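Next comes coords.pdb, with PDB, C-alpha atoms and all ligand atoms.
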```
ATOM      1  CA  MET A   1      14.022  48.538  25.274
ATOM      2  CA  THR A   2      16.411  51.025  23.641
ATOM      3  CA  ALA A   3      20.089  50.281  23.174
ATOM      4  CA  ASN A   4      22.326  52.377  25.517
ATOM      5  CA  TRP A   5      24.327  53.894  22.699
ATOM      6  CA  VAL A   6      21.171  55.607  21.397
ATOM      7  CA  ASP A   7      21.130  57.833  24.502
ATOM      8  CA  THR A   8      24.749  58.915  24.048
ATOM      9  CA  ALA A   9      24.661  59.441  20.254
ATOM     10  CA  PRO A  10      25.118  63.031  19.000
ATOM     11  CA  CYS A  11      21.445  63.077  17.896
ATOM     12  CA  ALA A  12      20.132  62.162  21.370
ATOM     13  CA  GLY A  13      17.418  64.629  22.316
ATOM     14  CA  LEU A  14      17.248  66.131  18.827
ATOM     15  CA  SER A  15      14.164  65.762  16.672
ATOM     16  CA  ASP A  16      13.549  65.919  12.916
ATOM     17  CA  PHE A  17      15.743  62.973  11.931
ATOM     18  CA  VAL A  18      12.683  61.080  10.718
ATOM     19  CA  HIS A  19      10.847  62.507   7.725
ATOM     20  CA  ASP A  20       7.147  62.469   8.488
ATOM     21  CA  GLY A  21       5.673  64.491   5.627
ATOM     22  CA  ARG A  22       5.188  67.555   7.812
ATOM     23  CA  THR A  23       8.856  68.493   7.495
ATOM     24  CA  GLY A  24       8.504  69.220   3.785
ATOM     25  CA  PRO A  25       8.172  67.637   0.381
ATOM     26  CA  ARG A  26       9.958  64.585  -0.980
ATOM     27  CA  GLY A  27      10.426  63.826  -4.662
ATOM     28  CA  ASN A  28      13.122  66.416  -5.349
ATOM     29  CA  ASP A  29      16.300  64.731  -4.091
ATOM     30  CA  VAL A  30      18.409  67.900  -4.188
ATOM     31  CA  LEU A  31      15.857  69.860  -2.159
ATOM     32  CA  PHE A  32      15.358  66.919   0.193
ATOM     33  CA  ALA A  33      19.133  66.679   0.773
ATOM     34  CA  SER A  34      19.413  70.409   1.456
ATOM     35  CA  MET A  35      16.585  70.176   4.040
ATOM     36  CA  TYR A  36      18.484  67.524   5.998
ATOM     37  CA  ARG A  37      21.996  68.995   5.765
ATOM     38  CA  PRO A  38      22.056  70.041   9.488
ATOM     39  CA  GLU A  39      21.058  66.521  10.645
ATOM     40  CA  LEU A  40      23.628  64.899   8.337
ATOM     41  CA  ARG A  41      26.259  67.185   9.864
ATOM     42  CA  VAL A  42      25.324  65.823  13.328
ATOM     43  CA  CYS A  43      25.871  62.260  12.059
ATOM     44  CA  GLY A  44      29.303  63.286  10.785
ATOM     45  CA  THR A  45      30.807  62.985  14.285
ATOM     46  CA  CYS A  46      28.801  59.926  15.348
ATOM     47  CA  PRO A  47      30.720  56.761  16.292
ATOM     48  CA  PHE A  48      27.502  54.678  16.075
ATOM     49  CA  ARG A  49      26.630  54.954  12.387
ATOM     50  CA  LYS A  50      26.972  51.209  11.768
ATOM     51  CA  LYS A  51      24.846  50.363  14.828
ATOM     52  CA  CYS A  52      22.288  52.962  13.731
ATOM     53  CA  ILE A  53      21.907  51.264  10.332
ATOM     54  CA  GLU A  54      21.739  47.809  11.959
ATOM     55  CA  LEU A  55      18.952  49.023  14.231
ATOM     56  CA  VAL A  56      16.837  50.944  11.697
ATOM     57  CA  LYS A  57      17.607  48.799   8.601
ATOM     58  CA  PRO A  58      16.778  51.802   6.408
ATOM     59  CA  GLN A  59      16.711  49.971   3.051
ATOM     60  CA  GLN A  60      14.521  47.102   4.221
ATOM     61  CA  SER A  61      12.252  49.261   6.365
ATOM     62  CA  LYS A  62      11.911  51.857   3.541
ATOM     63  CA  PHE A  63      13.063  54.528   5.970
ATOM     64  CA  ASP A  64      12.541  58.247   5.334
ATOM     65  CA  GLY A  65      14.968  60.619   7.018
ATOM     66  CA  VAL A  66      18.486  60.585   8.442
ATOM     67  CA  CYS A  67      20.021  57.396   9.812
ATOM     68  CA  GLY A  68      23.582  56.092   9.996
ATOM     69  CA  GLY A  69      25.123  59.196   8.487
ATOM     70  CA  ARG A  70      22.883  58.978   5.433
ATOM     71  CA  LEU A  71      19.695  60.539   4.156
ATOM     72  CA  TRP A  72      17.133  57.996   2.952
ATOM     73  CA  SER A  73      13.973  58.443   0.948
ATOM     74  CA  ASN A  74      11.671  55.432   1.126
ATOM     75  CA  GLY A  75      14.793  53.283   1.732
ATOM     76  CA  ARG A  76      16.730  54.829  -1.141
ATOM     77  CA  LEU A  77      20.096  56.421  -0.346
ATOM     78  CA  ILE A  78      19.997  60.147  -1.187
ATOM     79  CA  ALA A  79      23.010  61.712   0.527
ATOM     80  CA  THR A  80      25.932  60.674   2.751
ATOM     81  CA  THR A  81      27.915  62.544   5.368
ATOM     82  CA  PRO A  82      31.526  62.919   4.094
ATOM     83  CA  SER A  83      33.105  60.813   6.854
ATOM     84  CA  ALA A  84      30.784  57.800   6.314
ATOM     85  CA  CYS A  85      32.190  54.611   4.819
ATOM     86  CA  GLU A  86      30.792  51.607   2.911
ATOM     87  CA  THR A  87      31.361  49.102   5.756
ATOM     88  CA  GLU A  88      28.640  50.805   7.813
ATOM     89  CA  LEU A  89      25.940  49.949   5.312
ATOM     90  CA  GLU A  90      25.334  46.256   6.000
ATOM     91  CA  GLU A  91      21.824  45.573   7.331
ATOM     92  CA  PRO A  92      20.827  42.447   9.222
ATOM     93  CA  GLU A  93      17.716  40.762   7.868
ATOM     94  CA  LEU A  94      14.506  42.487   8.889
ATOM     95  CA  ARG A  95      12.590  39.975  11.006
ATOM     96  CA  ALA A  96       8.847  39.514  10.835
ATOM     97  CA  ILE A  97       6.850  40.361  13.948
ATOM     98  CA  CYS A  98       6.356  37.475  16.389
ATOM     99  CA  GLY A  99       2.773  36.257  16.579
ATOM    100  CA  THR A 100       2.423  35.927  12.794
ATOM    101  CA  ASP A 101       2.765  32.930  10.494
ATOM    102  CA  THR A 102       5.664  34.750   8.775
ATOM    103  CA  GLY A 103       7.324  35.085  12.185
ATOM    104  CA  TRP A 104       6.962  31.302  12.615
ATOM    105  CA  LEU A 105       8.585  30.731   9.208
ATOM    106  CA  GLN A 106      11.515  32.972  10.088
ATOM    107  CA  HIS A 107      12.139  31.066  13.335
ATOM    108  CA  ILE A 108      12.316  27.874  11.251
ATOM    109  CA  ARG A 109      14.627  29.466   8.670
ATOM    110  CA  HIS A 110      16.965  30.573  11.483
ATOM    111  CA  SER A 111      16.883  27.082  13.054
ATOM    112  CA  GLU A 112      15.114  28.467  16.143
ATOM    113  CA  ILE A 113      12.286  26.896  18.123
ATOM    114  CA  PRO A 114       9.275  29.127  17.292
ATOM    115  CA  CYS A 115       8.075  31.205  20.255
ATOM    116  CA  SER A 116       4.608  30.529  21.689
ATOM    117  CA  ALA A 117       3.062  33.571  19.932
ATOM    118  CA  CYS A 118       4.315  32.324  16.562
ATOM    119  CA  ARG A 119       3.201  28.732  17.307
ATOM    120  CA  SER A 120      -0.328  29.991  18.078
ATOM    121  CA  ALA A 121      -0.355  32.137  14.930
ATOM    122  CA  LYS A 122       0.777  29.151  12.875
ATOM    123  CA  ARG A 123      -2.006  26.945  14.335
ATOM    124  CA  VAL A 124      -4.641  29.585  13.505
ATOM    125  CA  PHE A 125      -3.186  30.041  10.023
ATOM    126  CA  GLU A 126      -3.248  26.262   9.376
ATOM    127  CA  ARG A 127      -6.833  26.002  10.622
ATOM    128  CA  ILE A 128      -7.918  28.793   8.254
ATOM    129  CA  ARG A 129      -6.017  27.183   5.369
ATOM    130  CA  ARG A 130      -7.664  23.767   5.977
ATOM    131  CA  THR A 131     -11.124  25.377   6.230
ATOM    132  CA  ARG A 132     -10.563  27.177   2.928
ATOM    133  CA  GLU A 133      -9.367  23.979   1.239
ATOM    134  CA  ASN A 134     -12.396  22.056   2.497
ATOM    135  CA  ASP A 135     -14.735  24.834   1.343
ATOM    136  CA  ALA A 136     -13.121  24.814  -2.097
ATOM    137  CA  LYS A 137     -13.450  20.985  -2.339
ATOM    138  CA  ARG A 138     -17.097  21.197  -1.278
ATOM    139  CA  THR A 139     -17.774  23.895  -3.903
ATOM    140  CA  ARG A 140     -16.090  21.816  -6.624
ATOM    141  CA  ARG A 141     -18.188  18.757  -5.670
ATOM    142  CA  LEU A 142     -21.400  20.833  -5.770
ATOM    143  CA  VAL A 143     -20.492  22.266  -9.192
ATOM    144  CA  ALA A 144     -19.650  18.775 -10.550
ATOM    145  CA  ALA A 145     -22.911  17.238  -9.247
TER     146      ALA A 145
HETATM  147  S1  LIG B   1      24.286  57.995  12.880
HETATM  148 FE1  LIG B   1      23.174  59.918  13.056
HETATM  149  S2  LIG B   1      21.061  59.311  13.408
HETATM  150 FE2  LIG B   1      22.337  57.521  13.831
HETATM  151  S3  LIG B   1      22.782  57.599  16.022
HETATM  152 FE3  LIG B   1      24.437  58.660  14.992
HETATM  153  S4  LIG B   1      23.864  60.811  14.980
HETATM  154 FE4  LIG B   1      22.018  59.620  15.408
HETATM  155 ZN    ZN B   2       8.164  34.337  17.322
END
```
Take the structure I supplied and represent it as structure tokens, if you would.
Amino acid sequence: MTANWVDTAPCAGLSDFVHDGRTGPRGNDVLFASMYRPELRVCGTCPFRKKCIELVKPQQSKFDGVCGGRLWSNGRLIATTPSACETELEEPELRAICGTDTGWLQHIRHSEIPCSACRSAKRVFERIRRTRENDAKRTRRLVAA
């Protein structure tokens, strides 16, 4: 589900905010910044820059393109729209996907009851870990015999 503000943001309906390799080279920061000047200008009037950064988490997600009034290259800040300010930059922690053992761990770290997908993933992960441990013990016994 998309947040409502996304549909009313100045970039709604516009493309080319995400760098996908087809839009040109990366590696030259000055050239990269000049390519995205029009998109950065759009962000200049946006009241949702903080929300945009909270949603995309550009540093943690290693984002390429324009988000939150900034241009990012693999999560590195390249250029900023003049009206942007530091307080917009805070990113909430990027959460692991549910249904993984890392997702289970993050539920625990956040004092949450793990969801059923994460509980199943954790059970499978533990079963695999025990099997590997038993195999390793068996191999050590065979080598020692
Ligand atoms: S900050 Fe820029 S990319 Fe983000 S919603 Fe606003 S206009 Fe779109
Ligand atoms: Zn979960």
Could you give me, as CSV, a per-residue list for chain A showing, wherever an atom lies at most 12 Å from an atom of ligand LIG 1 (chain B), the closest pair of atoms and their distance in Å to one decimal, using all atoms listed in the file and sorting by chain then residue number from low to high?
```
residue,atom,partner,partner_atom,distance
A:Thr2,CA,B:LIG1,S3,11.9
A:Ala3,CA,B:LIG1,S3,10.6
A:Asn4,CA,B:LIG1,S3,10.8
A:Trp5,CA,B:LIG1,S3,7.8
A:Val6,CA,B:LIG1,S3,6.0
A:Asp7,CA,B:LIG1,S3,8.6
A:Thr8,CA,B:LIG1,S3,8.4
A:Ala9,CA,B:LIG1,S3,5.0
A:Pro10,CA,B:LIG1,S4,4.8
A:Cys11,CA,B:LIG1,FE4,4.3
A:Ala12,CA,B:LIG1,FE4,6.8
A:Gly13,CA,B:LIG1,FE4,9.7
A:Leu14,CA,B:LIG1,FE4,8.8
A:Ser15,CA,B:LIG1,S2,10.0
A:Asp16,CA,B:LIG1,S2,10.0
A:Phe17,CA,B:LIG1,S2,6.6
A:Val18,CA,B:LIG1,S2,9.0
A:Tyr36,CA,B:LIG1,S2,11.4
A:Arg37,CA,B:LIG1,FE1,11.7
A:Pro38,CA,B:LIG1,FE1,10.8
A:Glu39,CA,B:LIG1,FE1,7.3
A:Leu40,CA,B:LIG1,FE1,6.9
A:Arg41,CA,B:LIG1,FE1,8.5
A:Val42,CA,B:LIG1,S4,5.5
A:Cys43,CA,B:LIG1,FE1,3.7
A:Gly44,CA,B:LIG1,S4,7.3
A:Thr45,CA,B:LIG1,S4,7.3
A:Cys46,CA,B:LIG1,FE3,4.6
A:Pro47,CA,B:LIG1,FE3,6.7
A:Phe48,CA,B:LIG1,FE3,5.1
A:Arg49,CA,B:LIG1,S1,3.9
A:Lys50,CA,B:LIG1,S1,7.4
A:Lys51,CA,B:LIG1,S3,7.6
A:Cys52,CA,B:LIG1,FE2,4.6
A:Ile53,CA,B:LIG1,FE2,7.2
A:Glu54,CA,B:LIG1,FE2,9.9
A:Leu55,CA,B:LIG1,FE2,9.2
A:Val56,CA,B:LIG1,FE2,8.8
A:Lys57,CA,B:LIG1,FE2,11.2
A:Pro58,CA,B:LIG1,FE2,10.9
A:Phe63,CA,B:LIG1,S2,11.9
A:Asp64,CA,B:LIG1,S2,11.8
A:Gly65,CA,B:LIG1,S2,8.9
A:Val66,CA,B:LIG1,S2,5.7
A:Cys67,CA,B:LIG1,S2,4.2
A:Gly68,CA,B:LIG1,S1,3.5
A:Gly69,CA,B:LIG1,S1,4.6
A:Arg70,CA,B:LIG1,S1,7.6
A:Leu71,CA,B:LIG1,S2,9.4
A:Trp72,CA,B:LIG1,S2,11.2
A:Thr80,CA,B:LIG1,S1,10.6
A:Thr81,CA,B:LIG1,FE1,9.4
A:Ser83,CA,B:LIG1,S1,11.0
A:Ala84,CA,B:LIG1,S1,9.2
A:Cys85,CA,B:LIG1,S1,11.8
A:Glu88,CA,B:LIG1,S1,9.8
A:Leu89,CA,B:LIG1,S1,11.2
```
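Residue nearest ligand ZN 2 (chain B), chosen from A:Asp101, A:Ser111, A:Ala145, A:Glu90 and counting all atoms listed in the file: A:Asp101.
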Do you have, as JSON lines, the list of residues of chain A lying at most 12 Å from ligand ZN 2 (chain B), each with its nearest atom pair and that distance in Å to one decimal, counting only C-alpha atoms and all ligand atoms and ordered by chain then number?
```
{"residue": "A:Arg95", "atom": "CA", "partner": "B:ZN2", "partner_atom": "ZN", "distance": 9.6}
{"residue": "A:Ala96", "atom": "CA", "partner": "B:ZN2", "partner_atom": "ZN", "distance": 8.3}
{"residue": "A:Ile97", "atom": "CA", "partner": "B:ZN2", "partner_atom": "ZN", "distance": 7.0}
{"residue": "A:Cys98", "atom": "CA", "partner": "B:ZN2", "partner_atom": "ZN", "distance": 3.7}
{"residue": "A:Gly99", "atom": "CA", "partner": "B:ZN2", "partner_atom": "ZN", "distance": 5.8}
{"residue": "A:Thr100", "atom": "CA", "partner": "B:ZN2", "partner_atom": "ZN", "distance": 7.5}
{"residue": "A:Asp101", "atom": "CA", "partner": "B:ZN2", "partner_atom": "ZN", "distance": 8.8}
{"residue": "A:Thr102", "atom": "CA", "partner": "B:ZN2", "partner_atom": "ZN", "distance": 8.9}
{"residue": "A:Gly103", "atom": "CA", "partner": "B:ZN2", "partner_atom": "ZN", "distance": 5.3}
{"residue": "A:Trp104", "atom": "CA", "partner": "B:ZN2", "partner_atom": "ZN", "distance": 5.7}
{"residue": "A:Leu105", "atom": "CA", "partner": "B:ZN2", "partner_atom": "ZN", "distance": 8.9}
{"residue": "A:Gln106", "atom": "CA", "partner": "B:ZN2", "partner_atom": "ZN", "distance": 8.1}
{"residue": "A:His107", "atom": "CA", "partner": "B:ZN2", "partner_atom": "ZN", "distance": 6.5}
{"residue": "A:Ile108", "atom": "CA", "partner": "B:ZN2", "partner_atom": "ZN", "distance": 9.8}
{"residue": "A:Arg109", "atom": "CA", "partner": "B:ZN2", "partner_atom": "ZN", "distance": 11.8}
{"residue": "A:His110", "atom": "CA", "partner": "B:ZN2", "partner_atom": "ZN", "distance": 11.2}
{"residue": "A:Glu112", "atom": "CA", "partner": "B:ZN2", "partner_atom": "ZN", "distance": 9.2}
{"residue": "A:Ile113", "atom": "CA", "partner": "B:ZN2", "partner_atom": "ZN", "distance": 8.5}
{"residue": "A:Pro114", "atom": "CA", "partner": "B:ZN2", "partner_atom": "ZN", "distance": 5.3}
{"residue": "A:Cys115", "atom": "CA", "partner": "B:ZN2", "partner_atom": "ZN", "distance": 4.3}
{"residue": "A:Ser116", "atom": "CA", "partner": "B:ZN2", "partner_atom": "ZN", "distance": 6.8}
{"residue": "A:Ala117", "atom": "CA", "partner": "B:ZN2", "partner_atom": "ZN", "distance": 5.8}
{"residue": "A:Cys118", "atom": "CA", "partner": "B:ZN2", "partner_atom": "ZN", "distance": 4.4}
{"residue": "A:Arg119", "atom": "CA", "partner": "B:ZN2", "partner_atom": "ZN", "distance": 7.5}
{"residue": "A:Ser120", "atom": "CA", "partner": "B:ZN2", "partner_atom": "ZN", "distance": 9.6}
{"residue": "A:Ala121", "atom": "CA", "partner": "B:ZN2", "partner_atom": "ZN", "distance": 9.1}
{"residue": "A:Lys122", "atom": "CA", "partner": "B:ZN2", "partner_atom": "ZN", "distance": 10.1}
```
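One distance worth recording is that between CA of Gly27 in chain A and CA of Ala79 in chain A, which is 13.8 Å.
Omitting Asn28 in chain A and its sequence neighbours fewer than 5 positions away, and counting only C-alpha atoms, the residues within 12 Å are Ala33, Ser34, Met35, Ser73 and Ile78 of chain A.
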